[in-house]
>>> print(open('data.csv').read())   # CSV, C-alpha atoms and all ligand atoms
chain,number,residue,atom,x,y,z
A,1,MET,CA,0.0,0.0,0.0
A,2,ALA,CA,1.4,3.4,-1.0
A,3,GLN,CA,2.4,5.5,2.1
A,4,SER,CA,0.6,8.8,2.4
A,5,ARG,CA,2.7,12.0,2.3
A,6,PRO,CA,3.6,13.5,5.6
A,7,ARG,CA,1.5,16.5,6.7
A,8,VAL,CA,3.4,19.6,7.8
A,9,TRP,CA,2.1,22.7,9.4
A,10,VAL,CA,4.0,26.0,8.9
A,11,SER,CA,2.9,28.3,11.7
A,12,GLN,CA,3.8,31.7,10.2
A,13,PRO,CA,4.6,33.1,6.8
A,14,LEU,CA,8.3,32.3,6.2
A,15,PHE,CA,10.0,32.3,2.8
A,16,ASP,CA,7.8,30.6,0.2
A,17,ASP,CA,10.7,29.5,-2.0
A,18,ILE,CA,12.4,27.7,1.0
A,19,VAL,CA,9.2,26.3,2.4
A,20,GLY,CA,8.5,25.1,-1.2
A,21,GLN,CA,11.2,22.4,-0.6
A,22,VAL,CA,8.9,20.8,1.9
A,23,ALA,CA,6.0,20.9,-0.4
A,24,ALA,CA,7.9,18.7,-2.9
A,25,HIS,CA,7.6,15.8,-0.4
A,26,CYS,CA,4.9,16.7,2.1
A,27,ASP,CA,1.4,18.1,2.2
A,28,VAL,CA,2.0,21.6,3.6
A,29,ARG,CA,-0.5,23.7,5.5
A,30,ALA,CA,0.9,27.2,5.2
A,31,THR,CA,-0.2,30.3,7.1
A,32,PRO,CA,-0.5,33.3,4.8
A,33,GLU,CA,-0.6,36.0,7.4
A,34,VAL,CA,1.2,36.6,10.7
A,35,THR,CA,-1.0,34.8,13.2
A,36,GLU,CA,-1.2,34.7,17.0
A,37,TYR,CA,-2.3,31.4,18.4
A,38,GLY,CA,-3.9,30.3,21.6
A,39,GLN,CA,-3.1,26.9,23.0
A,40,ASP,CA,-6.3,25.4,21.5
A,41,ALA,CA,-5.4,26.6,18.1
A,42,ILE,CA,-1.9,25.1,18.3
A,43,ALA,CA,-3.3,21.8,19.4
A,44,ALA,CA,-5.8,21.9,16.6
A,45,ALA,CA,-3.1,22.7,14.0
A,46,LEU,CA,-0.8,19.9,15.2
A,47,ARG,CA,-3.6,17.3,15.7
A,48,ASP,CA,-3.2,15.6,12.3
A,49,CYS,CA,0.4,16.6,11.4
A,50,ASP,CA,3.6,14.7,11.1
A,51,GLY,CA,5.8,17.7,11.4
A,52,ALA,CA,5.7,21.5,12.0
A,53,LEU,CA,7.9,24.5,11.4
A,54,VAL,CA,7.3,27.0,14.2
A,55,THR,CA,8.7,30.2,15.6
A,56,LEU,CA,9.3,31.5,19.1
A,57,ASN,CA,5.7,32.7,19.3
A,58,GLU,CA,4.2,29.2,19.3
A,59,ARG,CA,4.3,27.5,22.6
A,60,ILE,CA,4.3,23.7,22.2
A,61,GLY,CA,3.2,22.2,25.5
A,62,THR,CA,2.0,18.9,26.9
A,63,ASP,CA,-1.7,19.3,25.8
A,64,ALA,CA,-0.8,19.9,22.2
A,65,ILE,CA,1.7,17.1,22.2
A,66,ALA,CA,-0.8,14.6,23.7
A,67,ALA,CA,-3.4,15.5,21.1
A,68,ALA,CA,-1.0,15.0,18.1
A,69,PRO,CA,-0.6,11.2,17.7
A,70,ARG,CA,1.2,11.5,14.3
A,71,LEU,CA,3.6,14.2,15.3
A,72,ARG,CA,7.3,13.3,14.7
A,73,VAL,CA,9.1,16.6,14.5
A,74,ILE,CA,8.9,20.2,15.6
A,75,ALA,CA,11.4,22.3,13.7
A,76,ASN,CA,11.8,25.6,15.6
A,77,VAL,CA,13.0,28.6,13.5
A,78,GLY,CA,15.2,30.1,16.2
A,79,VAL,CA,18.1,29.2,18.3
A,80,GLY,CA,16.3,29.7,21.6
A,81,TYR,CA,13.6,27.1,22.2
A,82,ASP,CA,12.1,28.0,25.5
A,83,ASN,CA,8.8,27.9,23.6
A,84,LEU,CA,9.1,24.1,23.4
A,85,ASP,CA,8.5,21.6,26.2
A,86,VAL,CA,11.5,19.6,25.3
A,87,ALA,CA,11.1,17.0,28.1
A,88,ALA,CA,7.5,16.3,27.0
A,89,LEU,CA,8.5,16.1,23.3
A,90,ASP,CA,11.3,13.7,24.2
A,91,ALA,CA,8.9,11.6,26.3
A,92,ALA,CA,6.5,11.4,23.4
A,93,GLY,CA,9.3,10.4,21.0
A,94,ILE,CA,9.0,13.7,19.0
A,95,VAL,CA,12.2,15.3,17.6
A,96,ALA,CA,12.7,19.0,18.3
A,97,THR,CA,15.3,21.0,16.4
A,98,ASN,CA,16.6,24.6,16.5
A,99,THR,CA,18.7,26.9,14.3
A,100,PRO,CA,22.1,27.6,15.9
A,101,ASP,CA,25.2,29.0,14.2
A,102,VAL,CA,23.5,30.6,11.2
A,103,LEU,CA,22.4,33.6,13.3
A,104,THR,CA,25.4,33.9,15.6
A,105,GLU,CA,27.2,36.8,14.0
A,106,THR,CA,24.0,38.7,13.0
A,107,THR,CA,22.7,38.6,16.6
A,108,ALA,CA,26.1,39.6,18.0
A,109,ASP,CA,26.0,42.6,15.6
A,110,LEU,CA,22.7,43.7,17.0
A,111,GLY,CA,23.9,43.2,20.6
A,112,PHE,CA,26.8,45.5,19.9
A,113,ALA,CA,24.6,48.0,18.0
A,114,LEU,CA,22.3,48.2,21.1
A,115,LEU,CA,25.3,48.5,23.4
A,116,MET,CA,26.7,51.4,21.4
A,117,ALA,CA,23.4,53.1,20.9
A,118,ALA,CA,22.6,53.0,24.6
A,119,ALA,CA,26.0,53.9,25.8
A,120,ARG,CA,26.5,56.8,23.3
A,121,ARG,CA,22.8,57.9,23.6
A,122,ILE,CA,22.4,57.7,19.8
A,123,VAL,CA,18.6,57.1,19.7
A,124,GLU,CA,18.0,59.7,22.4
A,125,SER,CA,20.0,62.4,20.7
A,126,GLU,CA,18.5,61.6,17.3
A,127,ARG,CA,15.1,62.0,18.8
A,128,TRP,CA,16.1,65.3,20.4
A,129,LEU,CA,17.5,66.6,17.1
A,130,ARG,CA,14.3,65.6,15.2
A,131,GLU,CA,12.2,67.4,17.8
A,132,GLY,CA,14.0,70.6,16.9
A,133,GLN,CA,15.7,70.9,20.3
A,134,TRP,CA,19.2,71.4,18.9
A,135,LYS,CA,19.4,75.2,19.1
A,136,GLN,CA,23.0,75.5,19.9
A,137,TRP,CA,25.9,73.1,20.1
A,138,SER,CA,27.0,72.5,23.7
A,139,PHE,CA,30.1,71.0,25.0
A,140,SER,CA,28.4,69.1,27.8
A,141,SER,CA,25.2,67.8,26.2
A,142,MET,CA,24.5,64.2,25.4
A,143,LEU,CA,27.5,62.9,27.3
A,144,GLY,CA,27.6,59.1,27.3
A,145,ALA,CA,29.8,56.3,28.3
A,146,ASP,CA,32.9,55.1,26.4
A,147,VAL,CA,32.7,51.7,24.7
A,148,HIS,CA,36.4,51.4,23.6
A,149,GLY,CA,38.7,50.4,26.5
A,150,SER,CA,35.8,49.8,28.9
A,151,THR,CA,34.9,46.5,30.6
A,152,LEU,CA,32.5,44.3,28.8
A,153,GLY,CA,30.6,41.8,30.8
A,154,ILE,CA,29.0,38.8,29.1
A,155,LEU,CA,26.5,36.6,30.9
A,156,GLY,CA,26.2,33.4,28.9
A,157,MET,CA,29.2,32.4,26.9
A,158,GLY,CA,27.7,30.3,24.1
A,159,ARG,CA,28.2,31.0,20.4
A,160,ILE,CA,26.7,34.4,20.5
A,161,GLY,CA,28.4,35.4,23.7
A,162,ARG,CA,31.7,34.5,22.2
A,163,ALA,CA,31.0,36.5,19.1
A,164,ILE,CA,30.3,39.5,21.2
A,165,ALA,CA,33.5,38.9,23.2
A,166,ARG,CA,35.5,38.9,20.0
A,167,ARG,CA,34.0,42.2,18.8
A,168,GLY,CA,34.7,43.8,22.2
A,169,HIS,CA,38.3,42.4,22.6
A,170,HIS,CA,39.6,42.6,19.0
A,171,GLY,CA,37.5,45.6,17.7
A,172,PHE,CA,37.2,47.9,20.7
A,173,GLY,CA,40.1,47.0,23.0
A,174,MET,CA,37.7,46.2,25.8
A,175,LYS,CA,38.5,44.1,28.8
A,176,VAL,CA,36.1,41.2,28.5
A,177,LEU,CA,34.8,39.3,31.5
A,178,TYR,CA,32.2,36.5,31.3
A,179,HIS,CA,30.2,34.3,33.5
A,180,ASN,CA,28.8,31.0,32.4
A,181,ARG,CA,27.5,27.8,33.8
A,182,SER,CA,30.9,26.3,33.0
A,183,ARG,CA,34.3,27.9,32.4
A,184,LEU,CA,35.4,27.7,28.7
A,185,PRO,CA,38.6,25.9,27.6
A,186,ALA,CA,41.7,28.0,27.8
A,187,GLY,CA,42.0,28.2,24.0
A,188,VAL,CA,38.6,29.7,23.7
A,189,GLU,CA,39.3,32.2,26.4
A,190,ARG,CA,42.5,33.2,24.7
A,191,GLU,CA,40.8,33.5,21.3
A,192,THR,CA,37.9,35.6,22.6
A,193,GLY,CA,40.1,37.6,25.0
A,194,ALA,CA,37.6,36.8,27.8
A,195,GLN,CA,38.3,36.1,31.5
A,196,TYR,CA,36.0,34.0,33.6
A,197,VAL,CA,34.6,35.7,36.8
A,198,ASP,CA,31.8,34.8,39.2
A,199,PHE,CA,28.4,36.4,38.8
A,200,ASP,CA,28.9,39.0,41.5
A,201,ALA,CA,32.3,40.2,40.0
A,202,LEU,CA,30.7,40.4,36.6
A,203,LEU,CA,28.0,42.6,37.9
A,204,ALA,CA,30.4,44.8,39.9
A,205,GLN,CA,33.0,45.3,37.2
A,206,ALA,CA,31.1,45.5,33.9
A,207,ASP,CA,30.7,48.9,32.3
A,208,HIS,CA,28.5,47.2,29.8
A,209,LEU,CA,26.7,43.9,30.6
A,210,VAL,CA,25.3,41.8,27.7
A,211,LEU,CA,22.8,39.0,28.4
A,212,VAL,CA,23.1,36.1,26.1
A,213,LEU,CA,22.1,33.1,28.2
A,214,PRO,CA,19.1,30.8,27.5
A,215,TYR,CA,15.9,31.5,29.4
A,216,SER,CA,14.6,28.8,31.8
A,217,PRO,CA,12.8,28.8,35.1
A,218,ALA,CA,16.3,28.9,36.7
A,219,SER,CA,17.3,32.1,34.9
A,220,HIS,CA,13.9,33.9,35.4
A,221,HIS,CA,14.5,37.5,36.5
A,222,LEU,CA,18.2,36.8,37.1
A,223,ILE,CA,18.7,40.5,36.5
A,224,GLY,CA,16.4,41.9,39.2
A,225,ALA,CA,16.7,44.5,41.9
A,226,ALA,CA,19.5,42.8,43.8
A,227,ALA,CA,21.7,42.2,40.8
A,228,LEU,CA,21.1,45.7,39.5
A,229,ALA,CA,22.1,47.1,42.9
A,230,ARG,CA,25.5,45.5,42.5
A,231,MET,CA,26.2,47.2,39.2
A,232,LYS,CA,27.9,50.5,38.5
A,233,PRO,CA,25.4,53.4,38.3
A,234,THR,CA,26.9,54.3,35.0
A,235,ALA,CA,26.7,50.8,33.5
A,236,THR,CA,24.7,49.7,30.5
A,237,VAL,CA,22.6,46.5,30.3
A,238,VAL,CA,21.8,44.9,27.0
A,239,ASN,CA,19.4,42.0,26.6
A,240,ILE,CA,19.3,40.2,23.3
A,241,ALA,CA,18.3,36.8,24.8
A,242,ARG,CA,14.8,36.5,26.3
A,243,GLY,CA,12.8,39.1,28.2
A,244,GLY,CA,12.1,36.8,31.2
A,245,LEU,CA,15.8,37.1,32.2
A,246,VAL,CA,15.2,40.7,33.4
A,247,ASP,CA,12.8,42.0,36.0
A,248,GLU,CA,11.7,44.9,33.8
A,249,ILE,CA,10.1,46.9,36.6
A,250,ALA,CA,13.3,46.8,38.6
A,251,LEU,CA,15.3,47.7,35.5
A,252,ALA,CA,13.0,50.6,34.7
A,253,ASP,CA,13.2,51.8,38.4
A,254,ALA,CA,17.0,51.7,38.3
A,255,LEU,CA,17.2,53.6,35.0
A,256,ALA,CA,14.7,56.2,36.2
A,257,GLN,CA,16.5,56.8,39.4
A,258,GLY,CA,20.0,57.0,38.0
A,259,ARG,CA,21.1,53.7,39.6
A,260,LEU,CA,21.9,52.4,36.1
A,261,GLY,CA,23.2,54.4,33.2
A,262,ALA,CA,21.3,53.0,30.2
A,263,ALA,CA,19.9,49.9,28.6
A,264,GLY,CA,19.4,48.4,25.2
A,265,LEU,CA,16.6,45.8,24.9
A,266,ASP,CA,15.6,43.7,22.0
A,267,VAL,CA,13.4,41.2,23.9
A,268,TYR,CA,10.6,41.7,26.5
A,269,GLU,CA,8.8,39.5,29.0
A,270,GLY,CA,5.3,40.2,27.5
A,271,GLU,CA,6.4,40.9,23.9
A,272,PRO,CA,5.1,42.2,21.6
A,273,ALA,CA,3.7,44.3,24.5
A,274,VAL,CA,6.4,46.6,26.1
A,275,ARG,CA,5.9,48.0,29.6
A,276,PRO,CA,4.9,51.7,29.7
A,277,GLU,CA,7.6,52.1,32.4
A,278,LEU,CA,10.2,51.3,29.8
A,279,LEU,CA,8.6,53.3,27.0
A,280,ALA,CA,8.6,56.4,29.2
A,281,LEU,CA,12.4,56.3,29.7
A,282,ARG,CA,14.8,58.2,27.6
A,283,ASN,CA,17.9,56.2,28.6
A,284,VAL,CA,16.7,52.9,27.1
A,285,VAL,CA,16.9,51.8,23.5
A,286,LEU,CA,14.1,49.5,22.5
A,287,THR,CA,14.0,47.3,19.4
A,288,PRO,CA,11.3,44.8,18.4
A,289,HIS,CA,13.1,41.4,18.7
A,290,ILE,CA,15.3,41.9,15.6
A,291,GLY,CA,18.4,40.1,16.8
A,292,SER,CA,18.6,37.7,13.8
A,293,ALA,CA,16.7,40.0,11.4
A,294,SER,CA,19.0,40.3,8.4
A,295,ARG,CA,17.7,39.1,5.1
A,296,HIS,CA,20.5,36.6,4.7
A,297,THR,CA,20.3,35.2,8.2
A,298,ARG,CA,16.5,34.9,8.4
A,299,ARG,CA,16.7,32.9,5.1
A,300,ALA,CA,19.5,30.7,6.5
A,301,MET,CA,17.4,30.0,9.6
A,302,VAL,CA,14.4,28.9,7.6
A,303,GLN,CA,16.7,26.7,5.4
A,304,LEU,CA,18.2,25.0,8.4
A,305,ALA,CA,14.7,24.5,9.9
A,306,VAL,CA,13.5,22.9,6.7
A,307,ASP,CA,16.6,20.7,6.5
A,308,ASN,CA,15.9,19.6,10.1
A,309,LEU,CA,12.3,18.9,9.4
A,310,LEU,CA,12.8,16.9,6.2
A,311,ALA,CA,15.7,14.9,7.8
A,312,ALA,CA,13.6,14.1,10.9
A,313,LEU,CA,10.8,12.9,8.6
A,314,GLY,CA,13.3,10.5,6.9
A,315,ILE,CA,13.4,12.5,3.7
A,316,GLY,CA,16.4,13.7,1.6
A,317,PRO,CA,20.1,13.3,1.8
A,318,ARG,CA,20.3,13.7,5.6
A,319,ALA,CA,17.3,11.4,6.2
A,320,GLY,CA,17.4,10.3,9.9
A,321,HIS,CA,20.1,12.8,10.8
A,322,PRO,CA,18.6,16.3,11.4
A,323,PRO,CA,21.6,18.7,11.6
A,324,THR,CA,20.7,20.4,14.9
A,325,PRO,CA,18.3,18.4,17.2
A,326,VAL,CA,17.7,19.6,20.8
A,327,THR,CA,15.9,16.4,21.9
A,328,ALA,CA,17.8,13.2,22.8
A,329,LYS,CA,19.6,11.3,20.1
A,330,LYS,CA,17.6,8.2,20.7
A,331,THR,CA,14.4,10.1,19.9
A,332,THR,CA,15.9,11.3,16.6
A,333,ALA,CA,17.0,7.8,15.6
A,334,ALA,CA,13.7,6.2,16.5
A,335,VAL,CA,11.5,8.8,14.8
A,336,ALA,CA,13.4,9.0,11.6
A,337,GLY,CA,13.1,5.2,11.2
A,338,GLN,CA,9.3,5.3,11.3
A,339,GLY,CA,6.7,5.5,8.6
A,340,ALA,CA,4.7,8.7,8.2
A,341,ALA,CA,1.4,7.6,9.6
A,342,GLU,CA,2.2,5.1,12.4
A,343,LYS,CA,4.2,6.7,15.1
A,344,ARG,CA,2.6,5.6,18.3
B,1,LIG,C1,14.3,34.5,16.1
B,1,LIG,C2,15.5,34.4,18.4
B,1,LIG,O1,14.0,35.5,15.3
B,1,LIG,O2,16.7,32.6,17.5
B,1,LIG,C3,16.2,33.1,18.5
B,1,LIG,O3,16.2,32.5,19.6
B,1,LIG,O4,15.1,34.9,19.4
B,1,LIG,C4,15.3,35.1,17.1
B,1,LIG,O5,16.5,35.0,16.4
B,1,LIG,C5,13.1,33.9,16.7
B,1,LIG,O6,13.4,32.9,17.6
B,1,LIG,C6,12.2,33.4,15.6
B,1,LIG,O7,11.4,32.3,16.0
>>> encode(input="data.csv", output="structure tokens", more="lines below")
Ligand code: 8YV
Amino acid sequence: MAQSRPRVWVSQPLFDDIVGQVAAHCDVRATPEVTEYGQDAIAAALRDCDGALVTLNERIGTDAIAAAPRLRVIANVGVGYDNLDVAALDAAGIVATNTPDVLTETTADLGFALLMAAARRIVESERWLREGQWKQWSFSSMLGADVHGSTLGILGMGRIGRAIARRGHHGFGMKVLYHNRSRLPAGVERETGAQYVDFDALLAQADHLVLVLPYSPASHHLIGAAALARMKPTATVVNIARGGLVDEIALADALAQGRLGAAGLDVYEGEPAVRPELLALRNVVLTPHIGSASRHTRRAMVQLAVDNLLAALGIGPRAGHPPTPVTAKKTTAAVAGQGAAEKR
């Protein structure tokens, strides 16, 4: 009996030409417009699918997983995958994949752009100019903090953290300190010019602190009132990871009261909503989660997600070997060996 084609749900409009590679092998249910889903809608979309391409906005939890008997792979278009319940996916024998590497340099660029914009008051001064407030040049207006030669603190020293360290060390002559779950090999420390310090020392010494660690319940509000109180009152905080790492009310308080110099944020706890307390401040630069948003990188992310999806469904040159799984190896091996319609 001929096997039916796998069914694939694509949760958001991505790049049609790349997603078209899936349509050559699978029945694809595309989403023509940017869509916000509740949990019921996600469960309904996954119910009869073998695979899905999803973004950070789609939370894949236990109910949706339990209601999707054919599901074999969730290919997340993004390196962070806190939107996926990986333990539940593993337990259900479903492969989950992400898109590391291809976005590293682009996201590090944005981190540095936010750092410079916040420290040198670029957005604030541009707004001031446009408002017609530049009546006379003044020696002491818009004074910011130096980037070159200052101390860069990096919290989370994965691929993106290291790319930021390189920029700081080699490009701006910064002293680079980092804190991470585990210390990096000496060779990596040398190459990135970064020194390992404990969390408190990182907070106390950084002139500019960049957050690049994954979000999990353990890292929730890691940068809260207590951590901010240990930082220099002139320091800059940059968050390009996930909003939940920062207690935004404590951050807004510190910025408003001059206990922190400036901040650059690309991610928010309730995004796309941004707290009015942050919107009201002049010393914070706010971007709408654009860390990986270059044309080239966003295409590369979708391509990697498609490669992962097809491989996990047992299709194509990498059949059975998705390039970047985040679930256990045994799940990947078991799933790729199965037929489309008979998972469990
Ligand atoms: C993505 C991101 O745009 O990769 C990540 O973790 O936050 C962004 O680069 C986003 O995840 C799209 O799903």
>>> closest_residue(input="data.csv", among="A:Ile240, A:Ala67, A:Val95, A:Ala186", to="Ala113 of chain A", atoms="only C-alpha atoms")
A:Ile240
>>> residues_around(input="data.csv", residues="Ile164 of chain A", least_positions_apart="6", cutoff="12 Å", atoms="all atoms listed in the file", output="ChimeraX atom specification")
/A:104-115,152-158,170-172,174,176-178,192-194,208-212,238,240
>>> closest_atom_pairs(input="data.csv", of="chain A", to="ligand LIG 1 (chain B)", cutoff="8 Å", atoms="only C-alpha atoms and all ligand atoms", output="JSON lines")
{"residue": "A:Val54", "atom": "CA", "partner": "B:LIG1", "partner_atom": "O7", "distance": 6.9}
{"residue": "A:Thr55", "atom": "CA", "partner": "B:LIG1", "partner_atom": "O7", "distance": 3.4}
{"residue": "A:Leu56", "atom": "CA", "partner": "B:LIG1", "partner_atom": "O7", "distance": 3.8}
{"residue": "A:Asn57", "atom": "CA", "partner": "B:LIG1", "partner_atom": "O7", "distance": 6.6}
{"residue": "A:Asn76", "atom": "CA", "partner": "B:LIG1", "partner_atom": "O7", "distance": 6.7}
{"residue": "A:Val77", "atom": "CA", "partner": "B:LIG1", "partner_atom": "O7", "distance": 4.7}
{"residue": "A:Gly78", "atom": "CA", "partner": "B:LIG1", "partner_atom": "O2", "distance": 3.2}
{"residue": "A:Val79", "atom": "CA", "partner": "B:LIG1", "partner_atom": "O2", "distance": 3.8}
{"residue": "A:Gly80", "atom": "CA", "partner": "B:LIG1", "partner_atom": "O3", "distance": 3.4}
{"residue": "A:Tyr81", "atom": "CA", "partner": "B:LIG1", "partner_atom": "O3", "distance": 6.5}
{"residue": "A:Thr99", "atom": "CA", "partner": "B:LIG1", "partner_atom": "O2", "distance": 6.8}
{"residue": "A:Pro100", "atom": "CA", "partner": "B:LIG1", "partner_atom": "O2", "distance": 7.5}
{"residue": "A:Leu103", "atom": "CA", "partner": "B:LIG1", "partner_atom": "O5", "distance": 6.8}
{"residue": "A:Thr107", "atom": "CA", "partner": "B:LIG1", "partner_atom": "O5", "distance": 7.2}
{"residue": "A:Ile240", "atom": "CA", "partner": "B:LIG1", "partner_atom": "O4", "distance": 7.8}
{"residue": "A:Ala241", "atom": "CA", "partner": "B:LIG1", "partner_atom": "O4", "distance": 6.6}
{"residue": "A:Arg242", "atom": "CA", "partner": "B:LIG1", "partner_atom": "O4", "distance": 7.1}
{"residue": "A:Val267", "atom": "CA", "partner": "B:LIG1", "partner_atom": "O4", "distance": 7.9}
{"residue": "A:His289", "atom": "CA", "partner": "B:LIG1", "partner_atom": "O4", "distance": 6.8}
{"residue": "A:Ile290", "atom": "CA", "partner": "B:LIG1", "partner_atom": "O1", "distance": 6.5}
{"residue": "A:Gly291", "atom": "CA", "partner": "B:LIG1", "partner_atom": "O5", "distance": 5.5}
{"residue": "A:Ser292", "atom": "CA", "partner": "B:LIG1", "partner_atom": "O5", "distance": 4.3}
{"residue": "A:Ala293", "atom": "CA", "partner": "B:LIG1", "partner_atom": "O1", "distance": 6.5}
{"residue": "A:Arg298", "atom": "CA", "partner": "B:LIG1", "partner_atom": "O1", "distance": 7.4}
>>> residues_around(input="data.csv", residues="Gly144 of chain A", least_positions_apart="3", cutoff="8 Å", atoms="only C-alpha atoms", output="PyMOL selection string")
chain A and resi 119-121
>>> atom_distance(input="data.csv", atom1="atom CA of Ala92 of chain A", atom2="atom CA of Asp50 of chain A")
13.1 Å
>>> residues_around(input="data.csv", residues="Thr236 of chain A", least_positions_apart="6", cutoff="6 Å", atoms="all atoms listed in the file", output="list in words")
His208, Gly261, Ala262 and Ala263 of chain A
>>> residues_around(input="data.csv", residues="Ala250 of chain A", least_positions_apart="5", cutoff="10 Å", atoms="only C-alpha atoms", output="PDB file with C-alpha atoms, in the coordinates of the input")
ATOM      1  CA  HIS A 221      14.500  37.500  36.500  1.00  0.00           C
ATOM      2  CA  ILE A 223      18.700  40.500  36.500  1.00  0.00           C
ATOM      3  CA  GLY A 224      16.400  41.900  39.200  1.00  0.00           C
ATOM      4  CA  ALA A 225      16.700  44.500  41.900  1.00  0.00           C
ATOM      5  CA  ALA A 226      19.500  42.800  43.800  1.00  0.00           C
ATOM      6  CA  ALA A 227      21.700  42.200  40.800  1.00  0.00           C
ATOM      7  CA  LEU A 228      21.100  45.700  39.500  1.00  0.00           C
ATOM      8  CA  ALA A 229      22.100  47.100  42.900  1.00  0.00           C
ATOM      9  CA  LEU A 255      17.200  53.600  35.000  1.00  0.00           C
ATOM     10  CA  ALA A 256      14.700  56.200  36.200  1.00  0.00           C
ATOM     11  CA  GLU A 277       7.600  52.100  32.400  1.00  0.00           C
TER      12      GLU A 277
END
>>> closest_residue(input="data.csv", among="A:Ile94, A:Ala252, A:Val284, A:Ile160", to="Thr327 of chain A", atoms="all atoms listed in the file")
A:Ile94
>>> closest_residue(input="data.csv", among="A:Asp17, A:Ser11, A:Ala312, A:Lys329", to="Arg299 of chain A", atoms="only C-alpha atoms")
A:Asp17
>>> atom_distance(input="data.csv", atom1="atom CA of Leu278 of chain A", atom2="atom CA of Met116 of chain A")
18.5 Å
>>> closest_residue(input="data.csv", among="A:Ala254, A:Ile65, A:Ala218, A:Leu71", to="Leu84 of chain A", atoms="all atoms listed in the file")
A:Ile65
>>> closest_residue(input="data.csv", among="A:Pro69, A:Gly187, A:Pro214, A:Gly168", to="Arg47 of chain A", atoms="only C-alpha atoms")
A:Pro69
>>> residues_around(input="data.csv", residues="Leu286 of chain A", least_positions_apart="5", cutoff="7 Å", atoms="all atoms listed in the file", output="MDAnalysis selection string")
chainID A and resid 264:266
>>> atom_distance(input="data.csv", atom1="atom CA of Arg59 of chain A", atom2="atom CA of Pro272 of chain A")
14.8 Å
>>> closest_residue(input="data.csv", among="A:Asp27, A:Glu131, A:Asp16, A:Asp85", to="Gly51 of chain A", atoms="all atoms listed in the file")
A:Asp27
>>> build_atoms(input="data.csv", residues="segment 213-226 of chain A", atoms="N, CA and C atoms", output="short mmCIF file (atom, residue, chain, number, x, y, z; two decimals), in the coordinates of the input")
data_model
loop_
_atom_site.label_atom_id
_atom_site.label_comp_id
_atom_site.auth_asym_id
_atom_site.auth_seq_id
_atom_site.Cartn_x
_atom_site.Cartn_y
_atom_site.Cartn_z
N LEU A 213 22.23 34.51 27.67
CA LEU A 213 22.10 33.10 28.20
C LEU A 213 20.64 32.66 27.87
N PRO A 214 20.43 31.33 27.81
CA PRO A 214 19.10 30.80 27.50
C PRO A 214 18.15 31.13 28.68
N TYR A 215 16.88 31.29 28.36
CA TYR A 215 15.90 31.50 29.40
C TYR A 215 15.36 30.14 29.88
N SER A 216 15.22 29.99 31.19
CA SER A 216 14.60 28.80 31.80
C SER A 216 14.07 29.25 33.13
N PRO A 217 13.27 28.43 33.79
CA PRO A 217 12.80 28.80 35.10
C PRO A 217 13.99 29.22 36.04
N ALA A 218 15.13 28.58 35.85
CA ALA A 218 16.30 28.90 36.70
C ALA A 218 16.88 30.26 36.44
N SER A 219 16.70 30.77 35.22
CA SER A 219 17.30 32.10 34.90
C SER A 219 16.23 33.20 34.94
N HIS A 220 15.02 32.88 35.39
CA HIS A 220 13.90 33.90 35.40
C HIS A 220 14.35 35.06 36.33
N HIS A 221 14.24 36.26 35.80
CA HIS A 221 14.50 37.50 36.50
C HIS A 221 15.91 37.47 37.22
N LEU A 222 16.87 36.85 36.56
CA LEU A 222 18.20 36.80 37.10
C LEU A 222 18.76 38.23 37.29
N ILE A 223 18.39 39.10 36.36
CA ILE A 223 18.70 40.50 36.50
C ILE A 223 17.53 41.22 37.13
N GLY A 224 17.51 41.22 38.46
CA GLY A 224 16.40 41.90 39.20
C GLY A 224 17.03 42.96 40.09
N ALA A 225 16.25 43.42 41.06
CA ALA A 225 16.70 44.50 41.90
C ALA A 225 18.04 44.27 42.55
N ALA A 226 18.22 43.06 43.08
CA ALA A 226 19.50 42.80 43.80
C ALA A 226 20.67 42.81 42.88
#
